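S.K.: Got coords37.txt for you, compact mmCIF, C-alpha atoms and all ligand atoms:
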```txt
# COMPACT_ATOMS: atom_id res chain seq x y z
CA MET L 1 -37.49 -42.94 15.63
CA ASN L 2 -35.12 -41.56 18.25
CA PRO L 3 -34.61 -37.79 18.31
CA ILE L 4 -31.66 -36.03 16.73
CA VAL L 5 -29.43 -34.42 19.36
CA VAL L 6 -27.90 -31.03 18.55
CA ALA L 7 -24.95 -29.92 20.71
CA GLY L 8 -24.87 -26.13 20.96
CA ALA L 9 -27.58 -23.46 20.72
CA GLY L 10 -25.58 -20.93 18.71
CA ILE L 11 -26.76 -19.75 15.32
CA GLY L 12 -25.62 -23.03 13.72
CA GLY L 13 -27.28 -25.35 16.25
CA LEU L 14 -30.58 -23.49 16.39
CA SER L 15 -30.75 -23.26 12.58
CA ALA L 16 -30.05 -26.99 12.30
CA ALA L 17 -32.73 -27.76 14.91
CA LEU L 18 -35.31 -25.66 13.08
CA ALA L 19 -34.45 -27.19 9.71
CA LEU L 20 -34.66 -30.73 11.11
CA ALA L 21 -37.98 -30.06 12.84
CA LYS L 22 -39.40 -28.69 9.60
CA ARG L 23 -38.40 -31.97 7.94
CA GLY L 24 -40.34 -33.92 10.59
CA PHE L 25 -37.56 -34.94 13.00
CA ASP L 26 -37.78 -34.67 16.78
CA VAL L 27 -34.84 -32.61 18.02
CA GLN L 28 -33.22 -32.23 21.45
CA VAL L 29 -30.85 -29.25 21.66
CA TYR L 30 -28.28 -29.23 24.47
CA GLU L 31 -26.55 -25.94 25.29
CA ARG L 32 -23.74 -25.99 27.83
CA THR L 33 -24.14 -22.41 29.10
CA PRO L 34 -26.85 -21.97 31.74
CA GLU L 35 -28.76 -19.35 29.77
CA ILE L 36 -28.72 -17.85 26.29
CA ARG L 37 -27.47 -14.36 27.12
CA GLU L 38 -27.11 -11.21 25.06
CA VAL L 39 -23.50 -11.63 23.90
CA GLY L 40 -21.56 -10.82 20.77
CA ALA L 41 -21.70 -7.88 18.42
CA GLY L 42 -22.67 -7.29 14.81
CA LEU L 43 -23.15 -9.82 12.04
CA GLN L 44 -23.35 -9.01 8.34
CA LEU L 45 -26.17 -11.06 6.83
CA GLY L 46 -25.48 -11.47 3.12
CA PRO L 47 -28.19 -12.49 0.65
CA ASN L 48 -27.47 -16.18 1.26
CA ALA L 49 -28.46 -15.73 4.94
CA PHE L 50 -31.88 -14.44 3.89
CA GLY L 51 -32.19 -17.37 1.48
CA ALA L 52 -31.71 -19.67 4.48
CA PHE L 53 -34.16 -17.62 6.61
CA ASP L 54 -36.74 -18.05 3.83
CA GLU L 55 -36.28 -21.82 3.91
CA LEU L 56 -36.59 -21.82 7.70
CA GLY L 57 -39.73 -19.66 7.59
CA ILE L 58 -38.16 -16.85 9.69
CA ARG L 59 -37.54 -14.13 7.09
CA ASP L 60 -40.01 -11.67 8.65
CA ARG L 61 -38.66 -12.22 12.17
CA MET L 62 -35.13 -11.50 10.96
CA ALA L 63 -36.14 -8.53 8.81
CA GLY L 64 -37.80 -7.13 11.95
CA ILE L 65 -34.61 -7.12 14.03
CA ALA L 66 -32.03 -6.27 11.32
CA PHE L 67 -30.91 -2.94 9.88
CA ALA L 68 -31.03 -2.20 6.13
CA PRO L 69 -27.91 -0.18 5.19
CA ASP L 70 -27.95 2.03 2.08
CA THR L 71 -24.46 1.17 0.84
CA ILE L 72 -21.19 -0.55 1.72
CA ARG L 73 -18.66 2.27 1.55
CA PHE L 74 -14.90 1.53 1.47
CA ARG L 75 -12.66 4.46 2.46
CA ASP L 76 -8.96 5.01 2.98
CA SER L 77 -8.35 5.11 6.74
CA GLU L 78 -5.64 7.78 6.47
CA THR L 79 -6.94 10.18 3.79
CA ALA L 80 -10.71 9.46 4.17
CA ARG L 81 -10.77 9.16 0.35
CA ASP L 82 -13.63 7.08 -1.10
CA ILE L 83 -12.32 3.86 -2.66
CA PHE L 84 -15.48 1.99 -3.59
CA ARG L 85 -19.18 2.14 -2.90
CA GLN L 86 -21.68 -0.72 -3.34
CA ASN L 87 -25.31 0.28 -3.44
CA LEU L 88 -27.46 -2.17 -1.44
CA GLY L 89 -30.83 -1.06 -2.81
CA GLN L 90 -33.33 -2.80 -5.05
CA SER L 91 -30.91 -3.58 -7.88
CA PHE L 92 -28.61 -5.42 -5.43
CA THR L 93 -31.53 -7.43 -4.02
CA GLN L 94 -32.76 -8.28 -7.52
CA ARG L 95 -29.31 -9.37 -8.64
CA PHE L 96 -28.65 -11.64 -5.65
CA GLY L 97 -32.22 -12.75 -4.98
CA HIS L 98 -32.29 -11.61 -1.35
CA PRO L 99 -31.37 -8.47 0.59
CA TYR L 100 -28.18 -7.63 2.48
CA ARG L 101 -28.74 -6.70 6.13
CA VAL L 102 -26.77 -6.27 9.35
CA ALA L 103 -27.92 -7.50 12.75
CA PHE L 104 -26.93 -7.92 16.39
CA ARG L 105 -25.81 -11.51 16.99
CA ALA L 106 -27.86 -11.65 20.18
CA ASP L 107 -31.03 -10.63 18.27
CA VAL L 108 -30.45 -13.25 15.56
CA GLN L 109 -29.87 -15.94 18.19
CA ARG L 110 -32.94 -14.88 20.22
CA GLU L 111 -35.23 -14.93 17.16
CA LEU L 112 -33.90 -18.35 16.19
CA LEU L 113 -34.48 -19.56 19.76
CA ASN L 114 -38.06 -18.23 19.71
CA ALA L 115 -38.70 -20.02 16.41
CA VAL L 116 -37.19 -23.28 17.72
CA GLN L 117 -39.20 -23.07 20.94
CA ALA L 118 -42.38 -22.57 18.90
CA GLU L 119 -41.75 -25.95 17.22
CA ALA L 120 -43.50 -28.79 19.05
CA ARG L 121 -40.80 -31.19 17.83
CA CYS L 122 -37.91 -29.26 19.46
CA VAL L 123 -36.80 -29.18 23.09
CA VAL L 124 -33.95 -26.88 24.19
CA HIS L 125 -32.01 -27.80 27.37
CA THR L 126 -29.65 -25.17 28.79
CA GLY L 127 -26.92 -25.69 31.39
CA ASP L 128 -26.15 -29.18 30.09
CA GLY L 129 -23.72 -29.89 27.25
CA ILE L 130 -22.73 -33.01 25.35
CA ALA L 131 -19.75 -34.48 27.21
CA SER L 132 -19.19 -37.60 25.12
CA PHE L 133 -20.88 -39.91 22.65
CA VAL L 134 -20.85 -43.56 21.66
CA PRO L 135 -21.64 -44.46 18.06
CA GLU L 136 -24.20 -47.28 17.75
CA GLU L 137 -25.26 -49.34 14.80
CA ARG L 138 -28.51 -47.40 14.43
CA GLY L 139 -27.44 -44.02 15.74
CA VAL L 140 -25.51 -42.70 18.68
CA PHE L 141 -25.68 -42.49 22.47
CA ALA L 142 -25.01 -38.93 23.59
CA ILE L 143 -23.94 -38.46 27.20
CA THR L 144 -24.48 -35.05 28.75
CA ASP L 145 -22.40 -33.15 31.32
CA ARG L 146 -25.02 -34.10 33.92
CA GLY L 147 -24.78 -37.76 33.00
CA ARG L 148 -27.98 -38.06 31.00
CA ARG L 149 -27.72 -40.78 28.32
CA ILE L 150 -29.76 -40.11 25.21
CA ALA L 151 -30.39 -42.66 22.48
CA ALA L 152 -30.28 -40.49 19.38
CA ALA L 153 -30.74 -41.10 15.67
CA ALA L 154 -27.83 -38.71 15.08
CA LEU L 155 -25.67 -36.15 16.85
CA VAL L 156 -25.08 -32.72 15.28
CA GLY L 157 -21.93 -31.05 16.61
CA ALA L 158 -22.84 -27.35 16.47
CA ASP L 159 -20.53 -26.54 19.38
CA GLY L 160 -18.69 -23.61 17.80
CA ILE L 161 -15.21 -22.89 16.54
CA TRP L 162 -13.60 -24.75 19.47
CA SER L 163 -15.81 -27.78 18.75
CA GLY L 164 -14.92 -30.77 20.89
CA ILE L 165 -17.24 -32.96 18.83
CA ARG L 166 -15.36 -32.08 15.67
CA GLN L 167 -12.09 -32.96 17.41
CA ALA L 168 -13.52 -36.27 18.66
CA ILE L 169 -14.70 -37.20 15.15
CA ILE L 170 -12.10 -35.69 12.83
CA GLY L 171 -9.25 -34.77 15.16
CA ASP L 172 -7.75 -32.23 12.80
CA GLY L 173 -6.40 -29.89 15.46
CA ARG L 174 -7.15 -26.49 16.90
CA PRO L 175 -8.47 -23.67 14.71
CA LEU L 176 -5.72 -21.89 12.81
CA SER L 177 -4.72 -18.41 13.87
CA GLN L 178 -5.12 -15.81 11.11
CA GLY L 179 -2.65 -13.30 12.61
CA HIS L 180 -5.31 -10.72 13.36
CA ILE L 181 -7.21 -9.60 16.44
CA ALA L 182 -10.49 -7.73 16.59
CA TYR L 183 -11.76 -5.12 19.03
CA ARG L 184 -15.52 -4.80 19.20
CA ALA L 185 -18.08 -2.48 20.75
CA VAL L 186 -21.84 -2.00 20.53
CA VAL L 187 -23.23 1.33 21.78
CA PRO L 188 -26.66 3.01 21.57
CA VAL L 189 -26.86 5.35 18.56
CA ALA L 190 -28.44 7.93 20.88
CA ALA L 191 -25.20 8.08 22.90
CA LEU L 192 -23.10 9.08 19.86
CA ARG L 193 -22.03 12.62 19.14
CA GLY L 194 -21.81 14.11 15.64
CA ARG L 195 -22.47 12.10 12.51
CA LEU L 196 -20.44 8.96 13.16
CA ALA L 197 -23.40 6.61 12.74
CA THR L 198 -24.41 6.85 9.09
CA ASP L 199 -26.86 4.53 7.33
CA ASP L 200 -23.97 2.81 5.49
CA VAL L 201 -21.73 -0.12 6.30
CA GLN L 202 -18.50 1.89 6.67
CA VAL L 203 -15.33 -0.05 5.89
CA TRP L 204 -12.15 1.92 6.59
CA VAL L 205 -9.01 0.25 5.26
CA GLY L 206 -5.31 1.03 5.73
CA PRO L 207 -1.91 -0.57 6.31
CA GLY L 208 -2.16 -3.44 8.83
CA HIS L 209 -5.68 -2.61 9.92
CA HIS L 210 -9.29 -2.07 8.99
CA LEU L 211 -12.34 -0.83 10.85
CA VAL L 212 -15.95 -1.66 10.08
CA CYS L 213 -19.01 0.01 11.61
CA TYR L 214 -22.73 -0.04 11.02
CA LYS L 215 -26.07 0.36 12.77
CA LEU L 216 -27.88 -2.62 14.29
CA ARG L 217 -31.34 -3.41 15.67
CA ARG L 218 -33.48 -1.25 13.33
CA GLY L 219 -30.89 1.54 13.71
CA GLU L 220 -30.96 1.77 17.52
CA LEU L 221 -27.44 0.40 18.15
CA PHE L 222 -24.06 1.07 16.55
CA ASN L 223 -21.48 -1.67 16.04
CA VAL L 224 -17.76 -0.94 15.67
CA VAL L 225 -15.12 -3.56 15.00
CA ALA L 226 -11.44 -2.72 14.48
CA ILE L 227 -9.16 -5.45 13.17
CA ILE L 228 -5.38 -5.23 13.39
CA GLU L 229 -2.50 -7.52 12.52
CA SER L 230 -1.17 -9.25 15.63
CA SER L 231 0.39 -12.54 16.62
CA ALA L 232 -1.15 -12.34 20.13
CA GLN L 233 -2.93 -15.51 21.22
CA HIS L 234 -6.45 -15.11 22.60
CA GLU L 235 -9.46 -17.32 23.02
CA GLY L 236 -13.06 -16.46 23.76
CA TRP L 237 -15.29 -13.58 22.82
CA GLU L 238 -15.19 -11.23 25.76
CA GLU L 239 -11.74 -10.17 26.98
CA ALA L 240 -10.23 -7.00 28.43
CA PRO L 241 -8.64 -5.22 25.46
CA ASP L 242 -5.07 -3.89 25.19
CA LEU L 243 -5.98 -0.47 23.83
CA LYS L 244 -2.39 0.73 23.30
CA VAL L 245 -1.84 -1.83 20.52
CA LEU L 246 -5.09 -0.71 18.90
CA HIS L 247 -4.26 3.00 19.08
CA ASP L 248 -0.70 2.41 17.79
CA SER L 249 -2.09 0.63 14.75
CA PHE L 250 -4.42 3.54 13.95
CA ALA L 251 -1.94 6.32 14.87
CA GLN L 252 -2.00 7.79 11.34
CA ALA L 253 -5.75 7.35 10.83
CA CYS L 254 -8.01 10.25 9.81
CA ALA L 255 -10.28 12.28 12.13
CA PRO L 256 -13.50 10.21 11.75
CA ILE L 257 -11.59 7.09 12.87
CA GLN L 258 -9.95 8.92 15.76
CA ALA L 259 -13.48 9.81 16.85
CA LEU L 260 -14.59 6.17 16.60
CA LEU L 261 -11.68 4.55 18.47
CA PRO L 262 -12.70 5.79 21.95
CA LEU L 263 -15.97 3.86 21.56
CA LEU L 264 -13.93 0.69 21.78
CA LYS L 265 -13.44 1.39 25.49
CA VAL L 266 -17.14 0.81 25.96
CA ARG L 267 -18.20 -2.80 26.35
CA CYS L 268 -15.24 -3.87 24.34
CA ALA L 269 -14.07 -7.33 23.52
CA LEU L 270 -11.04 -8.82 21.90
CA GLN L 271 -10.89 -11.88 19.77
CA GLU L 272 -8.33 -13.60 17.66
CA LEU L 273 -9.66 -14.39 14.24
CA ARG L 274 -9.34 -18.08 13.56
CA GLN L 275 -10.24 -20.46 10.82
CA VAL L 276 -11.30 -24.08 11.16
CA PRO L 277 -8.96 -26.37 9.21
CA ILE L 278 -10.52 -28.04 6.19
CA ALA L 279 -11.31 -31.67 7.05
CA LYS L 280 -9.23 -34.03 4.95
CA SER L 281 -10.96 -37.29 5.75
CA GLN L 282 -14.44 -38.70 5.96
CA ALA L 283 -15.71 -38.47 9.53
CA SER L 284 -17.31 -41.93 9.49
CA SER L 285 -14.02 -43.67 8.74
CA MET L 286 -12.49 -42.15 11.87
CA PHE L 287 -15.21 -42.81 14.45
CA PRO L 288 -13.64 -44.00 17.69
CA GLU L 289 -15.71 -46.37 19.82
CA VAL L 290 -16.27 -43.93 22.68
CA SER L 291 -15.64 -40.27 22.13
CA GLN L 292 -14.84 -38.35 25.27
CA LEU L 293 -14.71 -34.70 24.38
CA PRO L 294 -11.57 -32.77 25.36
CA PRO L 295 -12.07 -30.90 28.67
CA GLY L 296 -13.12 -27.29 28.68
CA VAL L 297 -14.62 -27.21 25.22
C1 LIG L 301 -20.43 -15.69 22.97
C2 LIG L 301 -20.25 -15.58 21.47
C3 LIG L 301 -20.20 -14.30 20.88
C4 LIG L 301 -19.98 -14.17 19.50
N1 LIG L 301 -19.96 -12.92 18.95
C5 LIG L 301 -19.79 -12.77 17.62
C6 LIG L 301 -19.78 -11.47 17.01
O1 LIG L 301 -19.94 -10.48 17.67
N2 LIG L 301 -19.59 -11.36 15.66
C7 LIG L 301 -19.39 -12.46 14.90
O2 LIG L 301 -19.23 -12.32 13.68
N3 LIG L 301 -19.40 -13.69 15.44
C8 LIG L 301 -19.61 -13.87 16.78
N4 LIG L 301 -19.63 -15.12 17.34
C9 LIG L 301 -19.40 -16.27 16.45
C10 LIG L 301 -20.53 -16.55 15.56
O3 LIG L 301 -21.77 -16.42 16.21
C11 LIG L 301 -20.32 -17.98 15.12
O4 LIG L 301 -19.01 -18.17 14.67
C12 LIG L 301 -21.20 -18.32 13.96
O5 LIG L 301 -22.49 -17.80 14.16
C13 LIG L 301 -21.28 -19.84 13.88
O6 LIG L 301 -22.14 -20.25 14.92
P1 LIG L 301 -22.08 -21.62 15.60
O7 LIG L 301 -23.47 -21.94 16.02
O8 LIG L 301 -21.35 -22.61 14.75
O9 LIG L 301 -21.15 -21.43 16.89
P2 LIG L 301 -21.31 -20.51 18.15
O10 LIG L 301 -22.10 -19.29 17.88
O11 LIG L 301 -19.93 -20.36 18.69
O12 LIG L 301 -22.18 -21.42 19.17
C14 LIG L 301 -21.72 -22.63 19.73
C15 LIG L 301 -22.54 -22.92 20.99
O13 LIG L 301 -22.23 -24.24 21.44
C16 LIG L 301 -22.13 -24.22 22.85
N5 LIG L 301 -21.30 -25.38 23.21
C17 LIG L 301 -19.95 -25.53 23.11
N6 LIG L 301 -19.60 -26.80 23.42
C18 LIG L 301 -20.74 -27.48 23.71
C19 LIG L 301 -21.05 -28.82 24.08
N7 LIG L 301 -20.09 -29.77 24.17
N8 LIG L 301 -22.33 -29.16 24.30
C20 LIG L 301 -23.31 -28.23 24.19
N9 LIG L 301 -23.10 -26.94 23.86
C21 LIG L 301 -21.83 -26.57 23.60
C22 LIG L 301 -21.52 -22.85 23.17
O14 LIG L 301 -21.81 -22.47 24.49
C23 LIG L 301 -22.23 -21.98 22.14
O15 LIG L 301 -23.46 -21.47 22.63
C24 LIG L 301 -19.83 -15.32 18.70
C25 LIG L 301 -19.89 -16.60 19.29
C26 LIG L 301 -20.11 -16.73 20.66
C27 LIG L 301 -20.18 -18.13 21.30
```
Go ahead and express the file in the form of structure tokens.

M.R.:
Amino acid sequence: MNPIVVAGAGIGGLSAALALAKRGFDVQVYERTPEIREVGAGLQLGPNAFGAFDELGIRDRMAGIAFAPDTIRFRDSETARDIFRQNLGQSFTQRFGHPYRVAFRADVQRELLNAVQAEARCVVHTGDGIASFVPEERGVFAITDRGRRIAAAALVGADGIWSGIRQAIIGDGRPLSQGHIAYRAVVPVAALRGRLATDDVQVWVGPGHHLVCYKLRRGELFNVVAIIESSAQHEGWEEAPDLKVLHDSFAQACAPIQALLPLLKVRCALQELRQVPIAKSQASSMFPEVSQLPPGV
């Protein structure tokens, strides 16, 4: 049987590759970027994530790189008043079947990559993406950026929120803007003054904004993300931030937040939060004969 081709070595593509290999399929992963670098910030891994890690046989790897917060603590961003606190201890894990953890995206991706590379059935190619594909009666021909033609049993489009493969198959338009932008930073806990980095997931909420922060990587790093309402249009994950807009939005915020905001100058990134439209039609009924992916995706 021909291999299954996976386009994209993000968390989705690597998880799909691992799952397919565990079911006995040969998998070829194609990642367009030349190397899998340490990019991104924090991810909250709810109990369902650990359910998936169990299935993929990588629970211990992920537990080893994550941080186990004590609580999720919601507070008013102006008065610092406690609004709600969710304990994340044993009773939470028992209730939902798996723990709640937080982790650095780069660590999650690296551990997935290590697990995929340990599978004899998987090959990961970097610096070569899927440029187009041709559906065949018994599968699909995938054509890479470098012109390689691969006879595949199937093609998995795991090419992210701007997925060209999704557009070629479903054609349901660009992701929808949610009217918010996020500012992110990850800093070493050791570089922080005072008691900003607690062992909780801190969620500060107020009018037109919220700010979330928590430790990552076994407690060595601290992740801060501030989200504000904005109609600004941005793409990508790493952009120079407009800090004035951020500071204006948090002008009335309490002292702990004022102490956190300057961190967002450090290795900061801006992103517009977007949502993929819900597909209305069956992909197979819309397959074009040759699917050339839109440029720059
Ligand atoms: C650089 C980066 C940083 C991010 N940082 C954060 C973060 O800090 N916090 C957060 O919550 N989420 C972050 N995300 C998003 C989050 O990781 C994903 O939305 C989520 O994990 C879903 O993953 P995914 O595998 O579907 O897509 P992604 O993680 O976006 O991965 C898609 C991959 O496909 C590759 N690709 C694109 N087109 C092609 C093609 N035609 N052929 C081959 N490869 C292709 C891309 O280079 C990318 O590596 C980030 C994503 C990226 C790409």

S.K.: So, counting only C-alpha atoms and all ligand atoms, which residue among L:Phe53, L:Trp162, L:Phe84, L:Phe141 is closest to ligand LIG 301 (chain L)?

M.R.: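 Among L:Phe53, L:Trp162, L:Phe84, L:Phe141, it is L:Trp162 that comes nearest to ligand LIG 301 (chain L).
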
S.K.: So, with all atoms listed in the file as the atoms that count, which of L:Arg195, L:His125, L:Arg101, L:His210 lies closest to ligand LIG 301 (chain L)?

M.R.: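 Going through L:Arg195, L:His125, L:Arg101, L:His210 one by one, the smallest distance to ligand LIG 301 (chain L) is for L:His125.
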
S.K.: Per residue of range 126-225 of chain L within 12 Å of range 106-121 of chain L, which atom pair is closest and at what distance in Å (one decimal), using all atoms listed in the file, listed by chain and increasing number, as JSON lines?

M.R.:
```
{"residue": "L:Thr126", "atom": "CA", "partner": "L:Leu113", "partner_atom": "CA", "distance": 11.7}
{"residue": "L:Val186", "atom": "CA", "partner": "L:Ala106", "partner_atom": "CA", "distance": 11.4}
{"residue": "L:Leu216", "atom": "CA", "partner": "L:Asp107", "partner_atom": "CA", "distance": 9.5}
{"residue": "L:Arg217", "atom": "CA", "partner": "L:Asp107", "partner_atom": "CA", "distance": 7.7}
{"residue": "L:Arg218", "atom": "CA", "partner": "L:Asp107", "partner_atom": "CA", "distance": 10.9}
{"residue": "L:Leu221", "atom": "CA", "partner": "L:Asp107", "partner_atom": "CA", "distance": 11.6}
```

S.K.: For Pro69 in chain L, please output as a ChimeraX atom specification all residues within 8 Å (counting all atoms listed in the file; exclusion window: fewer than 3 positions along the same chain).

M.R.: /L:72,88,100-102,199-201,214-215

S.K.: Hey, which bits of chain L sit within 7 Å of ligand LIG 301 (chain L), and for each residue what's the closest pair of atoms and how far apart in Å (one decimal), counting only C-alpha atoms and all ligand atoms, rows by chain and increasing number, as JSON lines?

M.R.:
```
{"residue": "L:Ala7", "atom": "CA", "partner": "L:LIG301", "partner_atom": "C20", "distance": 4.2}
{"residue": "L:Gly8", "atom": "CA", "partner": "L:LIG301", "partner_atom": "O13", "distance": 3.3}
{"residue": "L:Ala9", "atom": "CA", "partner": "L:LIG301", "partner_atom": "O15", "distance": 5.0}
{"residue": "L:Gly10", "atom": "CA", "partner": "L:LIG301", "partner_atom": "O12", "distance": 3.5}
{"residue": "L:Ile11", "atom": "CA", "partner": "L:LIG301", "partner_atom": "O7", "distance": 4.0}
{"residue": "L:Gly12", "atom": "CA", "partner": "L:LIG301", "partner_atom": "O7", "distance": 3.3}
{"residue": "L:Gly13", "atom": "CA", "partner": "L:LIG301", "partner_atom": "O7", "distance": 5.1}
{"residue": "L:Tyr30", "atom": "CA", "partner": "L:LIG301", "partner_atom": "C20", "distance": 5.1}
{"residue": "L:Glu31", "atom": "CA", "partner": "L:LIG301", "partner_atom": "N9", "distance": 3.9}
{"residue": "L:Arg32", "atom": "CA", "partner": "L:LIG301", "partner_atom": "N9", "distance": 4.1}
{"residue": "L:Thr33", "atom": "CA", "partner": "L:LIG301", "partner_atom": "O14", "distance": 5.2}
{"residue": "L:Val39", "atom": "CA", "partner": "L:LIG301", "partner_atom": "C1", "distance": 5.2}
{"residue": "L:Gly40", "atom": "CA", "partner": "L:LIG301", "partner_atom": "N1", "distance": 3.2}
{"residue": "L:Ala41", "atom": "CA", "partner": "L:LIG301", "partner_atom": "O1", "distance": 3.2}
{"residue": "L:Gly42", "atom": "CA", "partner": "L:LIG301", "partner_atom": "O1", "distance": 5.1}
{"residue": "L:Leu43", "atom": "CA", "partner": "L:LIG301", "partner_atom": "O2", "distance": 4.9}
{"residue": "L:Arg105", "atom": "CA", "partner": "L:LIG301", "partner_atom": "O1", "distance": 6.0}
{"residue": "L:Asp128", "atom": "CA", "partner": "L:LIG301", "partner_atom": "C20", "distance": 6.6}
{"residue": "L:Gly129", "atom": "CA", "partner": "L:LIG301", "partner_atom": "N8", "distance": 3.3}
{"residue": "L:Ile130", "atom": "CA", "partner": "L:LIG301", "partner_atom": "N8", "distance": 4.0}
{"residue": "L:Ala131", "atom": "CA", "partner": "L:LIG301", "partner_atom": "N7", "distance": 5.6}
{"residue": "L:Ala158", "atom": "CA", "partner": "L:LIG301", "partner_atom": "O8", "distance": 5.3}
{"residue": "L:Asp159", "atom": "CA", "partner": "L:LIG301", "partner_atom": "O13", "distance": 3.5}
{"residue": "L:Gly160", "atom": "CA", "partner": "L:LIG301", "partner_atom": "O9", "distance": 3.4}
{"residue": "L:Ile161", "atom": "CA", "partner": "L:LIG301", "partner_atom": "O11", "distance": 5.8}
{"residue": "L:Ser163", "atom": "CA", "partner": "L:LIG301", "partner_atom": "N6", "distance": 6.1}
{"residue": "L:Gly164", "atom": "CA", "partner": "L:LIG301", "partner_atom": "N7", "distance": 6.2}
{"residue": "L:Ile165", "atom": "CA", "partner": "L:LIG301", "partner_atom": "N7", "distance": 6.8}
{"residue": "L:Trp237", "atom": "CA", "partner": "L:LIG301", "partner_atom": "C3", "distance": 5.3}
{"residue": "L:Val297", "atom": "CA", "partner": "L:LIG301", "partner_atom": "N6", "distance": 5.3}
```
